[in-house]
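All remarks here apply to the structure that follows.
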Amino acid sequence: MDDASIARALHVFGVVLWIGGVGFVTTVLLPAVGRMKDPVERIAFFEKIEGRFAWQARGTTLLVGATGLYLVYAWDLWDRFTQPAYWWMHAMVFVWVVFSVMLFIAEPLFLHRLFLARATRKPTQTFRLIQIMHWVLLTISLVTVLGATMGSHGG
C-alpha cells in the first residue's frame, strides 16, 4: 500500500467523522435540544455538547485538509481546479475553508461570545439561527460529498 492510498483512506475517514458529526448535530441533537422547555437551558445544553464536538470537528478538519492537499500534490491534480467538470474539487475546498474559518477563527475569536450575548437577549431566535446555520452547512457538505463521490468514480 502506497502513501497516497493511506492518505485517501485517512481523508475519507476524516470526512465521515466530520460531516457525519455535523449530520448528527443537525438532524438529531438540535431537534432534541429544541424540545427542551426552557430556552435558556436549550442554549446552555447545546453549548456544552457542541463544545465537546468542536474538538472532534477541529481534528478531523485538519486531517481532511492535510490529506486532501497531499493527494492533490501526490497525484498532481492541480489542473482539475481549472476545469469546470471538477466543480466538486472546488466545493471540497470551499466547504473545508468555511468550516476551518468557523472552527479556528470565527468561533474562538468572536462568534461564541456573540451567540452567547444574543442568546441572553433572544434565546429562542438565537437557537433557531443556530439550527438554520447547521442546516445550510450540512446541505452544502452533503452536496459536496455526493458530487465528490460521483466525480471521483467517473460520474
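How things are named: the first chain in the C-alpha cells is A, the next is B, and so on; residues count from 1 in each chain; ligands count from 1 in the order shown.
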
With the cut-off set at 9 Å and counting only C-alpha atoms, tabulate each residue of stretch 42-141 of chain A with an atom at most that distance from an atom of stretch 19-31 of chain A, showing the nearest atom pair and its distance in Å to one decimal, ordered by chain and increasing number, as CSV.
residue,atom,partner,partner_atom,distance
A:Phe46,CA,A:Leu30,CA,7.6
A:Ile49,CA,A:Leu29,CA,8.9
A:Glu50,CA,A:Val25,CA,7.9
A:Phe53,CA,A:Gly21,CA,7.7
A:Gln56,CA,A:Gly21,CA,8.5
A:Ala57,CA,A:Gly21,CA,7.6
A:Phe127,CA,A:Leu30,CA,8.7
A:Ile130,CA,A:Leu30,CA,8.7
A:Gln131,CA,A:Leu30,CA,6.7
A:His134,CA,A:Thr26,CA,5.7
A:Trp135,CA,A:Thr26,CA,6.3
A:Leu137,CA,A:Val22,CA,8.2
A:Leu138,CA,A:Gly23,CA,6.3
A:Ser141,CA,A:Ile19,CA,6.9

- Shortest contact to A:Gly147, candidates A:Ala32, A:Ala7, A:Ala91, A:Leu63, atoms counted only C-alpha atoms, goes to A:Ala91

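Closest approach to A:Phe45 from the set A:Leu77, A:Val33, A:Leu17, A:Leu129 is made by A:Val33, with distances taken over only C-alpha atoms.
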
- Message: Would you compute the distance between atom CA of A:Thr67 and atom CA of A:Leu10? Give it in Å to one decimal.
- Response: 7.0 Å

Can you pull out the residues contacting A:Ala119? Cut-off 10 Å, using only C-alpha atoms, and skip same-chain residues under 5 positions away; I want them as a compact mmCIF listing (two decimals) with N, CA and C atoms, in the first residue's frame.
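The resulting out_38.txt:
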# COMPACT_ATOMS: atom_id res chain seq x y z
N PRO A 39 -35.88 27.95 27.12
CA PRO A 39 -34.99 28.42 26.06
C PRO A 39 -33.56 28.67 26.53
N VAL A 40 -33.38 29.15 27.74
CA VAL A 40 -32.04 29.40 28.26
C VAL A 40 -31.31 28.08 28.49
N ARG A 42 -31.83 25.37 26.82
CA ARG A 42 -31.52 24.87 25.48
C ARG A 42 -30.13 25.30 25.05
N ILE A 43 -29.90 26.61 25.14
CA ILE A 43 -28.61 27.17 24.69
C ILE A 43 -27.48 26.62 25.54
N ALA A 44 -27.65 26.58 26.85
CA ALA A 44 -26.60 26.09 27.76
C ALA A 44 -26.25 24.63 27.46
N ARG A 113 -18.82 34.29 21.71
CA ARG A 113 -19.30 35.37 22.59
C ARG A 113 -20.52 36.07 22.01
N LEU A 114 -20.54 36.26 20.69
CA LEU A 114 -21.66 36.92 20.03
C LEU A 114 -22.95 36.13 20.22
N THR A 124 -34.73 32.03 22.03
CA THR A 124 -35.45 31.24 21.03
C THR A 124 -34.99 31.57 19.62
N GLN A 125 -34.86 32.85 19.30
CA GLN A 125 -34.41 33.27 17.97
C GLN A 125 -32.97 32.85 17.71
N THR A 126 -32.14 32.91 18.75
CA THR A 126 -30.73 32.51 18.59
C THR A 126 -30.63 31.02 18.31
N PHE A 127 -31.42 30.22 19.03
CA PHE A 127 -31.40 28.78 18.79
C PHE A 127 -31.88 28.47 17.38

- Surrounding residues of A:Pro108 excluding itself and chain neighbours under 6 positions, 12 Å, only C-alpha atoms, as a ChimeraX atom specification: /A:51,54-55,58,100-102,114-115

Please produce a file of the residues just selected, as a PDB file, in the first residue's frame, where the atoms kept are N, CA and C atoms.
ATOM      1  N   GLY A  51     -19.529  22.015  22.354  1.00  0.00           N
ATOM      2  CA  GLY A  51     -18.154  22.320  22.740  1.00  0.00           C
ATOM      3  C   GLY A  51     -17.270  21.084  22.703  1.00  0.00           C
ATOM      4  N   ALA A  54     -16.746  20.150  19.007  1.00  0.00           N
ATOM      5  CA  ALA A  54     -15.865  21.087  18.305  1.00  0.00           C
ATOM      6  C   ALA A  54     -14.439  20.551  18.213  1.00  0.00           C
ATOM      7  N   TRP A  55     -13.974  19.864  19.245  1.00  0.00           N
ATOM      8  CA  TRP A  55     -12.614  19.313  19.204  1.00  0.00           C
ATOM      9  C   TRP A  55     -12.509  18.201  18.168  1.00  0.00           C
ATOM     10  N   ARG A  58     -12.532  19.989  14.798  1.00  0.00           N
ATOM     11  CA  ARG A  58     -11.235  20.629  14.509  1.00  0.00           C
ATOM     12  C   ARG A  58     -10.202  19.600  14.069  1.00  0.00           C
ATOM     13  N   SER A 100     -13.184  25.575   8.458  1.00  0.00           N
ATOM     14  CA  SER A 100     -11.931  25.953   9.120  1.00  0.00           C
ATOM     15  C   SER A 100     -12.008  27.370   9.668  1.00  0.00           C
ATOM     16  N   VAL A 101     -12.567  28.286   8.889  1.00  0.00           N
ATOM     17  CA  VAL A 101     -12.724  29.664   9.371  1.00  0.00           C
ATOM     18  C   VAL A 101     -13.652  29.692  10.586  1.00  0.00           C
ATOM     19  N   MET A 102     -14.749  28.948  10.509  1.00  0.00           N
ATOM     20  CA  MET A 102     -15.690  28.905  11.639  1.00  0.00           C
ATOM     21  C   MET A 102     -15.028  28.305  12.883  1.00  0.00           C
ATOM     22  N   LEU A 114     -20.538  36.255  20.694  1.00  0.00           N
ATOM     23  CA  LEU A 114     -21.662  36.916  20.027  1.00  0.00           C
ATOM     24  C   LEU A 114     -22.952  36.127  20.222  1.00  0.00           C
ATOM     25  N   PHE A 115     -22.875  34.806  20.009  1.00  0.00           N
ATOM     26  CA  PHE A 115     -24.057  33.961  20.173  1.00  0.00           C
ATOM     27  C   PHE A 115     -24.521  33.917  21.619  1.00  0.00           C
TER      28      PHE A 115
END

- Where does DSSP see alpha helix (DSSP H) in chain A, if you list the residues as number ranges by chain? A: 3-24, 30-34, 39-74, 87-101, 112-121, 123-152

- Item | Gap from atom CA of A:Leu109 to atom CA of A:Gly59 - Å, one decimal | 18.2 Å

- Counting only C-alpha atoms, what is within 12 Å of stretch 149-155 of chain A, bar same-chain residues fewer than 3 positions away, as a list in words?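 Counting only C-alpha atoms, the residues come to Arg8, Val12, Val15, Leu77, Arg80, Pro84, Ala85, Tyr86, Trp87, Trp88, Met89, His90, Ala91, Met92, Leu142, Val143, Thr144, Val145 and Leu146 of chain A.
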
- Message: Give me, as number ranges by chain, all polymer residues having an atom no more than 8 Å from A:Gly14, counting only C-alpha atoms and skipping those fewer than 6 positions away in the same chain.
- Response: A: 60-61, 63-64

- Item | Spatial neighbours of A:Tyr70, max dist 9 Å, only C-alpha atoms, sep filter under 5 positions, as an NGL selection string | :A and (4 or 7 or 65 or 75)

I need the residues from that last selection saved to file as a PDB file, in the first residue's frame (with C-alpha atoms), if you can.
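Output file out.pdb follows:
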ATOM      1  CA  ALA A   4      -1.422   8.091  -1.358  1.00  0.00           C
ATOM      2  CA  ALA A   7      -3.823   9.381   2.671  1.00  0.00           C
ATOM      3  CA  GLY A  65      -7.235  19.388   4.840  1.00  0.00           C
ATOM      4  CA  TRP A  75      -1.375  12.761  -7.800  1.00  0.00           C
TER       5      TRP A  75
END
